[in-house]
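coords-v8.csv (CSV, C-alpha atoms) appears below.
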chain,number,residue,atom,x,y,z
A,728,MET,CA,89.5,118.6,109.5
A,729,PHE,CA,87.2,121.5,110.2
A,730,ASN,CA,85.8,124.1,107.8
A,731,LYS,CA,88.0,126.9,106.9
A,732,LEU,CA,86.7,130.3,107.9
A,733,ASP,CA,84.9,131.9,105.0
A,734,ILE,CA,83.5,135.3,105.7
A,735,GLU,CA,81.5,135.4,102.5
A,736,TYR,CA,79.9,131.9,103.0
A,737,ASP,CA,76.3,132.1,104.3
A,738,GLY,CA,75.0,128.6,103.9
A,739,PRO,CA,74.7,125.8,106.5
A,740,VAL,CA,77.9,124.3,107.8
A,741,VAL,CA,78.2,120.6,107.1
A,742,ASP,CA,81.5,118.9,107.7
A,743,LYS,CA,81.5,115.2,107.3
A,744,SER,CA,84.7,114.7,109.4
A,745,ALA,CA,83.5,117.0,112.2
A,746,LEU,CA,80.2,115.0,112.4
A,747,SER,CA,82.2,111.8,112.3
A,748,LEU,CA,84.4,113.0,115.1
A,749,ILE,CA,81.4,113.9,117.2
A,750,ALA,CA,79.8,110.5,116.5
A,751,SER,CA,83.1,108.7,117.4
A,752,ILE,CA,83.4,110.6,120.7
A,753,LEU,CA,79.8,109.8,121.5
A,754,VAL,CA,80.3,106.1,120.8
A,755,ALA,CA,83.6,106.0,122.7
A,756,GLY,CA,81.9,107.8,125.7
A,757,LEU,CA,79.0,105.4,125.7
A,758,LEU,CA,81.3,102.4,125.6
A,759,LEU,CA,83.5,103.9,128.2
A,760,ALA,CA,80.6,104.3,130.6
A,761,VAL,CA,79.5,100.7,130.0
A,762,THR,CA,83.1,99.4,130.6
A,763,ILE,CA,83.6,101.4,133.8
A,764,THR,CA,80.2,100.1,135.0
A,765,ILE,CA,81.2,96.5,134.2
A,766,VAL,CA,84.6,96.7,135.8
A,767,LEU,CA,83.6,98.7,138.8
A,768,SER,CA,80.5,96.6,139.6
A,769,ASP,CA,82.8,93.6,139.7
A,770,LYS,CA,83.4,92.9,143.4
A,771,GLY,CA,86.0,90.3,142.7
A,772,ASP,CA,83.7,87.3,143.1
A,773,ASN,CA,83.2,87.0,139.4
A,774,THR,CA,85.9,84.7,138.2
A,775,GLY,CA,84.5,83.9,134.8
A,776,LEU,CA,84.8,80.4,133.4
A,777,GLY,CA,88.4,80.0,134.6
A,778,PRO,CA,87.7,77.7,137.6
A,779,LEU,CA,85.3,75.6,135.6
A,780,ILE,CA,87.9,75.1,132.9
A,781,SER,CA,90.7,74.3,135.4
A,782,GLN,CA,88.5,71.8,137.2
A,783,ASN,CA,87.8,69.9,133.9
A,784,ILE,CA,91.3,70.3,132.4
A,785,GLU,CA,92.3,66.8,133.3
A,786,PHE,CA,89.5,65.4,131.1
A,787,SER,CA,90.6,67.4,128.1
A,788,GLY,CA,93.9,65.6,127.2
A,789,VAL,CA,96.0,68.7,127.3
A,790,THR,CA,97.2,70.9,130.2
A,791,ASN,CA,97.1,74.4,128.5
A,792,PRO,CA,93.7,75.9,129.2
A,793,VAL,CA,93.5,77.9,126.0
A,794,THR,CA,94.3,74.8,123.9
A,795,ALA,CA,91.7,72.8,125.9
A,796,VAL,CA,89.1,75.4,125.2
A,797,LEU,CA,90.0,75.7,121.5
A,798,LEU,CA,90.3,72.0,120.7
A,799,ASN,CA,88.1,70.3,123.2
A,800,PHE,CA,85.5,72.3,125.1
A,801,ARG,CA,84.8,74.7,122.2
A,802,ALA,CA,86.0,72.5,119.3
A,803,TYR,CA,83.1,73.7,117.2
A,804,ASP,CA,84.6,77.2,117.1
A,805,THR,CA,87.9,75.9,115.8
A,806,LEU,CA,86.1,73.7,113.3
A,807,LEU,CA,84.1,76.6,111.9
A,808,GLU,CA,87.1,78.9,112.0
A,809,ILE,CA,89.1,76.4,109.8
A,810,ALA,CA,86.0,76.3,107.5
A,811,VAL,CA,85.9,80.1,107.3
A,812,LEU,CA,89.5,80.2,106.4
A,813,LEU,CA,89.0,77.6,103.6
A,814,VAL,CA,85.9,79.5,102.3
A,815,VAL,CA,88.0,82.7,102.0
A,816,VAL,CA,90.8,80.9,100.2
A,817,LEU,CA,88.3,79.4,97.8
A,818,ALA,CA,86.7,82.8,97.3
A,819,ILE,CA,89.9,84.6,96.3
A,820,LEU,CA,91.8,81.8,94.5
A,821,PRO,CA,91.6,82.9,90.9
A,822,THR,CA,91.0,80.1,88.4
A,823,ARG,CA,94.5,79.3,87.4
A,824,ASP,CA,95.9,76.4,85.6
A,825,HIS,CA,95.6,73.4,87.8
A,826,HIS,CA,97.7,71.1,85.7
A,827,ALA,CA,100.9,72.9,86.7
A,828,PRO,CA,103.0,71.2,89.4
A,829,PHE,CA,102.4,72.0,93.0
A,830,PHE,CA,105.9,73.1,93.8
A,831,LYS,CA,108.3,74.6,91.3
A,832,ARG,CA,111.8,75.8,91.6
A,833,ILE,CA,112.6,78.7,89.3
A,834,LEU,CA,116.2,79.1,88.1
A,835,VAL,CA,117.0,82.8,88.2
A,836,SER,CA,120.2,84.2,87.0
A,837,LYS,CA,120.3,87.2,89.4
A,838,GLN,CA,119.6,86.3,93.0
A,839,ASN,CA,119.2,88.7,95.8
A,840,LEU,CA,122.1,87.6,98.1
A,841,VAL,CA,120.6,88.9,101.3
A,842,LEU,CA,117.2,87.3,100.8
A,843,SER,CA,118.6,84.0,99.6
A,844,ALA,CA,121.1,83.8,102.5
A,845,LEU,CA,118.4,84.8,105.0
A,846,GLN,CA,116.1,82.1,103.5
A,847,ARG,CA,118.8,79.5,103.7
A,848,TRP,CA,119.5,80.2,107.4
A,849,ILE,CA,116.1,81.1,108.8
A,850,ALA,CA,113.8,78.8,106.9
A,851,PRO,CA,115.1,75.5,108.5
A,852,ALA,CA,115.1,77.1,112.0
A,853,VAL,CA,111.6,78.3,111.5
A,854,VAL,CA,110.4,74.8,110.5
A,855,ILE,CA,111.9,73.3,113.7
A,856,PHE,CA,110.5,76.1,115.8
A,857,ALA,CA,107.1,75.7,114.3
A,858,GLY,CA,107.2,72.0,115.1
A,859,TYR,CA,108.2,72.9,118.7
A,860,LEU,CA,105.3,75.4,119.0
A,861,LEU,CA,102.9,72.8,117.7
A,862,TRP,CA,104.1,70.3,120.3
A,863,ALA,CA,104.2,72.8,123.1
A,864,GLY,CA,100.6,73.9,122.5
A,865,ALA,CA,99.5,71.0,124.7
A,866,HIS,CA,101.0,72.4,127.9
A,867,GLN,CA,101.9,76.0,127.3
A,868,PRO,CA,101.0,78.9,124.9
A,869,GLY,CA,101.4,77.7,121.3
A,870,GLY,CA,99.5,75.5,119.0
A,871,ALA,CA,98.4,75.0,115.4
A,872,PHE,CA,97.7,78.7,114.6
A,873,GLN,CA,100.9,80.0,115.9
A,874,ALA,CA,102.9,77.3,114.2
A,875,GLY,CA,101.0,77.8,110.9
A,876,ALA,CA,101.5,81.6,111.0
A,877,LEU,CA,105.2,81.0,111.6
A,878,LEU,CA,105.5,78.6,108.7
A,879,ALA,CA,103.5,81.0,106.5
A,880,GLY,CA,106.0,83.7,107.4
A,881,ALA,CA,108.9,81.5,106.3
A,882,SER,CA,107.1,80.7,103.1
A,883,VAL,CA,106.6,84.4,102.4
A,884,LEU,CA,110.3,84.8,102.9
A,885,MET,CA,111.0,82.0,100.4
A,886,PHE,CA,108.6,83.5,97.8
A,887,GLN,CA,110.2,86.9,98.2
A,888,SER,CA,113.5,85.5,97.1
A,889,ASP,CA,111.8,84.5,93.8
A,890,THR,CA,113.2,81.0,93.7
A,891,TYR,CA,110.1,79.0,94.5
A,892,GLN,CA,106.6,79.1,93.1
A,893,VAL,CA,103.6,77.2,94.5
A,894,ASN,CA,100.6,76.5,92.4
A,895,TYR,CA,97.6,76.8,94.8
A,896,THR,CA,95.1,75.2,92.4
A,897,SER,CA,97.1,72.0,91.8
A,898,LEU,CA,95.6,68.8,93.1
A,899,MET,CA,98.2,68.5,95.9
A,900,ALA,CA,97.5,72.1,97.1
A,901,ARG,CA,93.7,71.4,97.1
A,902,ILE,CA,94.2,68.2,99.2
A,903,LEU,CA,96.4,70.0,101.7
A,904,LEU,CA,94.0,73.0,102.0
A,905,VAL,CA,91.0,70.8,102.8
A,906,LEU,CA,93.1,68.3,104.9
A,907,SER,CA,92.4,69.8,108.3
A,908,LEU,CA,88.7,70.3,107.7
A,909,VAL,CA,88.3,66.7,106.4
A,910,VAL,CA,90.3,65.3,109.3
A,911,PHE,CA,88.4,67.4,111.9
A,912,ILE,CA,85.0,66.5,110.5
A,913,THR,CA,85.9,62.8,110.1
A,914,ILE,CA,87.2,62.5,113.7
A,915,GLY,CA,84.2,64.6,115.0
A,916,THR,CA,81.6,62.5,113.3
A,917,ALA,CA,83.4,59.2,113.9
A,918,LEU,CA,83.2,60.0,117.6
A,919,ILE,CA,79.4,60.0,117.4
A,920,TRP,CA,79.8,56.3,116.7
A,921,PHE,CA,82.1,55.6,119.5
A,922,GLU,CA,81.3,58.1,122.2
A,923,GLY,CA,77.7,59.1,121.4
A,924,SER,CA,78.1,62.8,120.6
A,925,LEU,CA,79.9,65.0,118.1
A,926,LEU,CA,83.5,65.9,119.0
A,927,THR,CA,83.5,64.2,122.4
A,928,TYR,CA,87.0,62.7,122.6
A,929,PRO,CA,87.5,59.4,124.5
A,930,LEU,CA,89.6,60.2,127.6
A,931,ALA,CA,92.5,57.8,126.7
A,932,PHE,CA,93.0,59.2,123.2
A,933,SER,CA,92.0,62.9,123.6
A,934,GLY,CA,95.6,64.1,123.6
A,935,LEU,CA,96.5,62.1,120.6
A,936,LEU,CA,93.5,63.2,118.6
A,937,ILE,CA,94.1,66.8,119.5
A,938,LEU,CA,97.7,66.5,118.3
A,939,LEU,CA,96.5,64.9,115.1
A,940,ILE,CA,94.0,67.6,114.4
A,941,GLU,CA,96.5,70.3,115.2
A,942,THR,CA,99.1,68.9,112.9
A,943,CYS,CA,96.7,68.8,110.0
A,944,ALA,CA,95.5,72.3,110.9
A,945,THR,CA,99.1,73.6,110.8
A,946,VAL,CA,99.6,72.3,107.3
A,947,SER,CA,96.3,73.7,106.0
A,948,ILE,CA,96.7,77.1,107.8
A,949,THR,CA,100.2,77.5,106.4
A,950,LEU,CA,99.0,76.9,102.9
A,951,ALA,CA,95.9,79.0,103.3
A,952,LEU,CA,97.8,82.0,104.7
A,953,THR,CA,100.5,81.8,102.0
A,954,SER,CA,97.8,81.5,99.3
A,955,LEU,CA,96.1,84.6,100.8
A,956,TYR,CA,99.5,86.4,100.6
A,957,SER,CA,100.3,85.3,97.1
A,958,SER,CA,96.8,86.4,95.9
A,959,PHE,CA,97.9,90.0,96.3
A,960,ILE,CA,100.9,89.4,94.1
A,961,ALA,CA,99.2,87.2,91.5
A,962,ASN,CA,96.5,89.8,91.1
A,963,GLU,CA,98.7,91.8,88.9
A,964,ASN,CA,98.6,89.2,86.2
A,965,ILE,CA,94.9,88.4,86.2
A,966,SER,CA,93.1,89.4,83.1
A,967,VAL,CA,89.9,91.2,83.8
A,968,THR,CA,86.8,90.2,81.8
A,969,ASP,CA,83.7,92.3,81.3
A,970,HIS,CA,80.2,91.0,81.5
A,971,LYS,CA,80.4,89.5,77.9
A,972,HIS,CA,83.5,87.5,79.0
A,973,ARG,CA,85.8,89.5,76.7
A,974,THR,CA,89.3,90.0,78.1
A,975,ILE,CA,89.8,93.7,78.7
A,976,LYS,CA,93.5,93.7,79.4
B,569,MET,CA,91.1,96.0,138.8
B,570,THR,CA,93.1,99.0,137.8
B,571,SER,CA,95.1,97.4,135.1
B,572,ALA,CA,92.0,95.7,133.6
B,573,LEU,CA,90.3,99.1,133.5
B,574,LEU,CA,93.3,100.8,132.0
B,575,TYR,CA,93.8,98.2,129.2
B,576,SER,CA,90.1,97.9,128.4
B,577,MET,CA,89.9,101.7,128.1
B,578,ALA,CA,92.9,101.6,125.8
B,579,GLY,CA,91.1,99.0,123.7
B,580,LEU,CA,88.0,101.3,123.6
B,581,ALA,CA,90.2,104.2,122.5
B,582,LEU,CA,91.6,102.0,119.6
B,583,PHE,CA,88.0,101.1,118.7
B,584,ALA,CA,86.9,104.7,118.7
B,585,ILE,CA,90.0,105.7,116.5
B,586,GLY,CA,89.1,102.9,114.1
B,587,PHE,CA,85.4,103.9,114.1
B,588,PHE,CA,86.4,107.5,113.2
B,589,GLY,CA,88.7,106.2,110.5
B,590,VAL,CA,86.0,104.0,108.9
B,591,MET,CA,83.6,107.0,108.7
B,592,VAL,CA,86.1,109.6,107.5
B,593,ALA,CA,88.4,107.7,105.2
B,594,SER,CA,87.5,108.0,101.6
B,595,HIS,CA,89.9,105.4,100.2
B,596,VAL,CA,88.9,101.7,100.7
B,597,MET,CA,92.3,100.7,101.8
B,598,ARG,CA,92.2,103.2,104.7
B,599,LYS,CA,88.7,101.9,105.6
B,600,ILE,CA,90.0,98.3,105.7
B,601,LEU,CA,92.9,99.4,107.9
B,602,ALA,CA,90.6,101.3,110.2
B,603,LEU,CA,88.3,98.3,110.5
B,604,ASN,CA,91.4,96.3,111.6
B,605,VAL,CA,92.2,98.9,114.2
B,606,MET,CA,88.6,98.5,115.5
B,607,GLY,CA,89.1,94.8,115.6
B,608,VAL,CA,92.4,95.1,117.5
B,609,GLY,CA,90.6,97.4,120.0
B,610,ILE,CA,87.9,94.7,120.6
B,611,PHE,CA,90.6,92.0,121.0
B,612,MET,CA,92.4,94.1,123.6
B,613,PHE,CA,89.2,94.8,125.4
B,614,LEU,CA,88.4,91.1,125.6
B,615,ILE,CA,91.9,90.2,126.8
B,616,ALA,CA,91.9,93.0,129.4
B,617,LEU,CA,88.5,91.8,130.8
B,618,ALA,CA,89.7,88.2,131.0
B,619,LYS,CA,91.9,89.3,134.0
B,620,ARG,CA,89.3,91.3,135.9
B,621,ASN,CA,90.0,89.2,139.0
B,622,PRO,CA,93.7,89.4,139.7
B,623,LEU,CA,93.9,85.9,141.0
B,624,VAL,CA,92.1,84.0,138.2
B,625,VAL,CA,92.7,84.3,134.4
B,626,ASP,CA,89.8,83.4,132.3
B,627,PRO,CA,91.2,81.4,129.3
B,628,LEU,CA,87.9,81.5,127.3
B,629,PRO,CA,88.4,85.1,126.0
B,630,HIS,CA,91.9,84.2,125.1
B,631,ALA,CA,90.7,81.3,122.9
B,632,LEU,CA,88.0,83.6,121.5
B,633,VAL,CA,90.6,86.2,120.5
B,634,LEU,CA,92.8,83.6,119.0
B,635,THR,CA,89.9,82.5,116.8
B,636,GLY,CA,89.0,86.1,116.1
B,637,ILE,CA,92.5,87.0,114.9
B,638,VAL,CA,92.4,84.2,112.2
B,639,ILE,CA,89.0,85.3,111.1
B,640,ALA,CA,90.1,88.9,111.0
B,641,VAL,CA,93.1,88.0,108.8
B,642,ALA,CA,90.8,86.0,106.5
B,643,GLY,CA,88.3,88.9,106.2
B,644,THR,CA,91.0,91.4,105.6
B,645,ALA,CA,92.5,89.3,102.8
B,646,LEU,CA,89.1,89.0,101.2
B,647,ALA,CA,88.5,92.7,101.5
B,648,LEU,CA,91.9,93.6,100.0
B,649,ASN,CA,91.3,91.2,97.1
B,650,LEU,CA,88.0,92.7,96.3
B,651,MET,CA,89.6,96.2,96.5
B,652,LEU,CA,92.3,95.1,94.1
B,653,ARG,CA,89.7,93.7,91.7
B,654,ILE,CA,87.7,96.9,91.8
B,655,HIS,CA,90.8,98.9,91.2
B,656,HIS,CA,91.8,96.7,88.1
B,657,ILE,CA,88.3,97.0,86.6
B,658,ASP,CA,88.3,100.8,87.2
B,659,GLN,CA,91.7,101.1,85.6
B,660,SER,CA,90.8,99.1,82.5
B,661,ASN,CA,87.5,101.0,82.2
B,662,GLN,CA,89.4,104.3,82.2
B,663,GLU,CA,91.8,103.0,79.6
B,664,GLN,CA,88.9,102.0,77.4
B,665,ASN,CA,87.3,105.4,77.6
B,666,LYS,CA,90.5,107.2,76.5
Can I see the file as structure tokens?
Amino acid sequence: MFNKLDIEYDGPVVDKSALSLIASILVAGLLLAVTITIVLSDKGDNTGLGPLISQNIEFSGVTNPVTAVLLNFRAYDTLLEIAVLLVVVLAILPTRDHHAPFFKRILVSKQNLVLSALQRWIAPAVVIFAGYLLWAGAHQPGGAFQAGALLAGASVLMFQSDTYQVNYTSLMARILLVLSLVVFITIGTALIWFEGSLLTYPLAFSGLLILLIETCATVSITLALTSLYSSFIANENISVTDHKHRTIK
Amino acid sequence: MTSALLYSMAGLALFAIGFFGVMVASHVMRKILALNVMGVGIFMFLIALAKRNPLVVDPLPHALVLTGIVIAVAGTALALNLMLRIHHIDQSNQEQNK
């Protein structure tokens, strides 16, 4: 990390990693001082927004405070988060043939026994568990993102065993990818008509609407995450073109 | 108070390690990983400060971190894709120059 001792050397000592180390320690020290000040100056009367949320939880349609914040009180954040995920997927999806079918089963002669058995046993259980997580999100930790991540993990396992292939540019995949954003925006703007402001759920239907949005979000998040994963594998086969659009490789 | 302080300081330590990594690492992959370590440090800091008061847990930072994790995953995927793309172009340029 530091310069080696060189007796002959007579110039200035500049070591990038040493300077970086000093800078990191300075930054860490500064942040540490700020944190200690924040935590120690707190006399216990600062409860954050917890009480406010727990007072209004009965108007949110769910009983889990985190889900209430994500899908009701701060629904804008979740809407924009889904939009960001979609933008990233659109940014990295290479232009592939969109006439290919959405879902394809490849017949391989030599299967990996461990992977295929694991996939056969675990994938159905994961689907059930993801459904449970989605449902449980209303009253305990869980929800669309956890369920989507779980399903994406199961999909990765299925792609590892090389028997399935999904075309992320097919019409079906496109529809499923934008499904949650479309549903979210449609419900949000339709509520202007009924309730007077964006994303203000009517009290009687708030739980149902949240469940609907979360179900669509689970589908989209699963597909988005698996397409992000597959982009690393598919990158091997992309031909690179130069600025005159000639294929280099 | 003590556990909140302990965990937030651990989060800060992670942030500082990541910061050092971003500045020192020469390979882009290591830089991306270091950025992720920084992000995890910030998440830990937020979660730790959500329970400053031992009686009340603030759910708002939890929701923020949940959103942040998904954004971090998306950003990392984009960065890794750009890295792979640059790598491919570099490789094919080298092959052409041979």
List every residue of chain B that has an atom at most 6 Å from any atom of chain A, and for each one report the closest atom pair and its distance in Å to one decimal, counting only C-alpha atoms, with rows sorted by chain and then by increasing residue number, as a tab-separated table.
residue	atom	partner	partner_atom	distance
B:Ala584	CA	A:Ala755	CA	5.3
B:Phe588	CA	A:Ser751	CA	5.5
B:Val592	CA	A:Ser744	CA	5.6
B:Asn621	CA	A:Gly771	CA	5.6
B:Asp626	CA	A:Gly777	CA	4.3
B:Pro627	CA	A:Val793	CA	5.3
B:Ala631	CA	A:Val793	CA	5.4
B:Ala642	CA	A:Leu812	CA	5.9
Neighbouring residues of range 597-600 of chain B were defined as those with any atom within 10 Å, considering only C-alpha atoms; residues of the same chain fewer than 2 positions away were excluded. Please report them as a list in words.
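The residues that qualify are Gly586, Phe587, Phe588, Gly589, Val590, Met591, Val592, Ala593, Ser594, His595, Ala602, Leu603, Asn604, Val605, Met606, Gly643, Thr644, Ala645, Ala647, Leu648, Met651 and Leu652 of chain B.
Between CA of Tyr895 in chain A and CA of Leu817 in chain A the separation is 10.1 Å.
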Polymer residues at most 8 Å from (89.4, 88.8, 132.2) by all atoms listed in the file, as an NGL selection string
(:A and (775)) or (:B and (572 or 614-621 or 625-626 or 629))
Between CA of Gln887 in chain A and CA of Arg653 in chain B, what is the spacing in Å?
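Going from CA of Arg653 in chain B over to CA of Gln887 in chain A covers 22.6 Å.
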Taking N, CA and C atoms as the atom set, what does range 875-898 of chain A look like once completed, written as an mmCIF file, in the frame of the given file?
data_model
loop_
_atom_site.group_PDB
_atom_site.id
_atom_site.type_symbol
_atom_site.label_atom_id
_atom_site.label_comp_id
_atom_site.auth_asym_id
_atom_site.auth_seq_id
_atom_site.Cartn_x
_atom_site.Cartn_y
_atom_site.Cartn_z
ATOM 1 N N GLY A 875 101.322 77.569 112.311
ATOM 2 C CA GLY A 875 101.000 77.800 110.900
ATOM 3 C C GLY A 875 101.354 79.226 110.485
ATOM 4 N N ALA A 876 101.136 80.206 111.371
ATOM 5 C CA ALA A 876 101.500 81.600 111.000
ATOM 6 C C ALA A 876 103.015 81.700 110.841
ATOM 7 N N LEU A 877 103.769 81.005 111.698
ATOM 8 C CA LEU A 877 105.200 81.000 111.600
ATOM 9 C C LEU A 877 105.699 80.420 110.285
ATOM 10 N N LEU A 878 105.139 79.264 109.948
ATOM 11 C CA LEU A 878 105.500 78.600 108.700
ATOM 12 C C LEU A 878 105.116 79.445 107.496
ATOM 13 N N ALA A 879 103.955 80.104 107.600
ATOM 14 C CA ALA A 879 103.500 81.000 106.500
ATOM 15 C C ALA A 879 104.505 82.122 106.330
ATOM 16 N N GLY A 880 105.002 82.649 107.460
ATOM 17 C CA GLY A 880 106.000 83.700 107.400
ATOM 18 C C GLY A 880 107.258 83.241 106.661
ATOM 19 N N ALA A 881 107.707 82.019 106.997
ATOM 20 C CA ALA A 881 108.900 81.500 106.300
ATOM 21 C C ALA A 881 108.616 81.271 104.840
ATOM 22 N N SER A 882 107.396 80.848 104.493
ATOM 23 C CA SER A 882 107.100 80.700 103.100
ATOM 24 C C SER A 882 107.084 81.986 102.333
ATOM 25 N N VAL A 883 106.567 83.037 102.994
ATOM 26 C CA VAL A 883 106.600 84.400 102.400
ATOM 27 C C VAL A 883 108.020 84.792 102.086
ATOM 28 N N LEU A 884 108.892 84.518 103.057
ATOM 29 C CA LEU A 884 110.300 84.800 102.900
ATOM 30 C C LEU A 884 110.871 84.084 101.661
ATOM 31 N N MET A 885 110.460 82.816 101.511
ATOM 32 C CA MET A 885 111.000 82.000 100.400
ATOM 33 C C MET A 885 110.421 82.531 99.064
ATOM 34 N N PHE A 886 109.171 83.001 99.069
ATOM 35 C CA PHE A 886 108.600 83.500 97.800
ATOM 36 C C PHE A 886 109.217 84.863 97.468
ATOM 37 N N GLN A 887 109.618 85.609 98.505
ATOM 38 C CA GLN A 887 110.200 86.900 98.200
ATOM 39 C C GLN A 887 111.536 86.759 97.489
ATOM 40 N N SER A 888 112.242 85.644 97.760
ATOM 41 C CA SER A 888 113.500 85.500 97.100
ATOM 42 C C SER A 888 113.361 84.935 95.688
ATOM 43 N N ASP A 889 112.127 84.768 95.244
ATOM 44 C CA ASP A 889 111.800 84.500 93.800
ATOM 45 C C ASP A 889 112.399 83.192 93.301
ATOM 46 N N THR A 890 112.698 82.243 94.176
ATOM 47 C CA THR A 890 113.200 81.000 93.700
ATOM 48 C C THR A 890 112.191 79.880 93.671
ATOM 49 N N TYR A 891 111.122 80.090 94.433
ATOM 50 C CA TYR A 891 110.100 79.000 94.500
ATOM 51 C C TYR A 891 108.756 79.599 94.084
ATOM 52 N N GLN A 892 107.977 78.716 93.530
ATOM 53 C CA GLN A 892 106.600 79.100 93.100
ATOM 54 C C GLN A 892 105.698 77.969 93.454
ATOM 55 N N VAL A 893 104.586 78.275 94.100
ATOM 56 C CA VAL A 893 103.600 77.200 94.500
ATOM 57 C C VAL A 893 102.344 77.478 93.671
ATOM 58 N N ASN A 894 101.820 76.433 93.102
ATOM 59 C CA ASN A 894 100.600 76.500 92.400
ATOM 60 C C ASN A 894 99.436 76.115 93.332
ATOM 61 N N TYR A 895 98.627 77.089 93.745
ATOM 62 C CA TYR A 895 97.600 76.800 94.800
ATOM 63 C C TYR A 895 96.375 76.149 94.247
ATOM 64 N N THR A 896 96.306 75.926 92.930
ATOM 65 C CA THR A 896 95.100 75.200 92.400
ATOM 66 C C THR A 896 95.465 73.821 91.971
ATOM 67 N N SER A 897 96.714 73.383 92.209
ATOM 68 C CA SER A 897 97.100 72.000 91.800
ATOM 69 C C SER A 897 96.359 71.032 92.787
ATOM 70 N N LEU A 898 96.309 69.810 92.369
ATOM 71 C CA LEU A 898 95.600 68.800 93.100
ATOM 72 C C LEU A 898 96.180 68.663 94.549
#
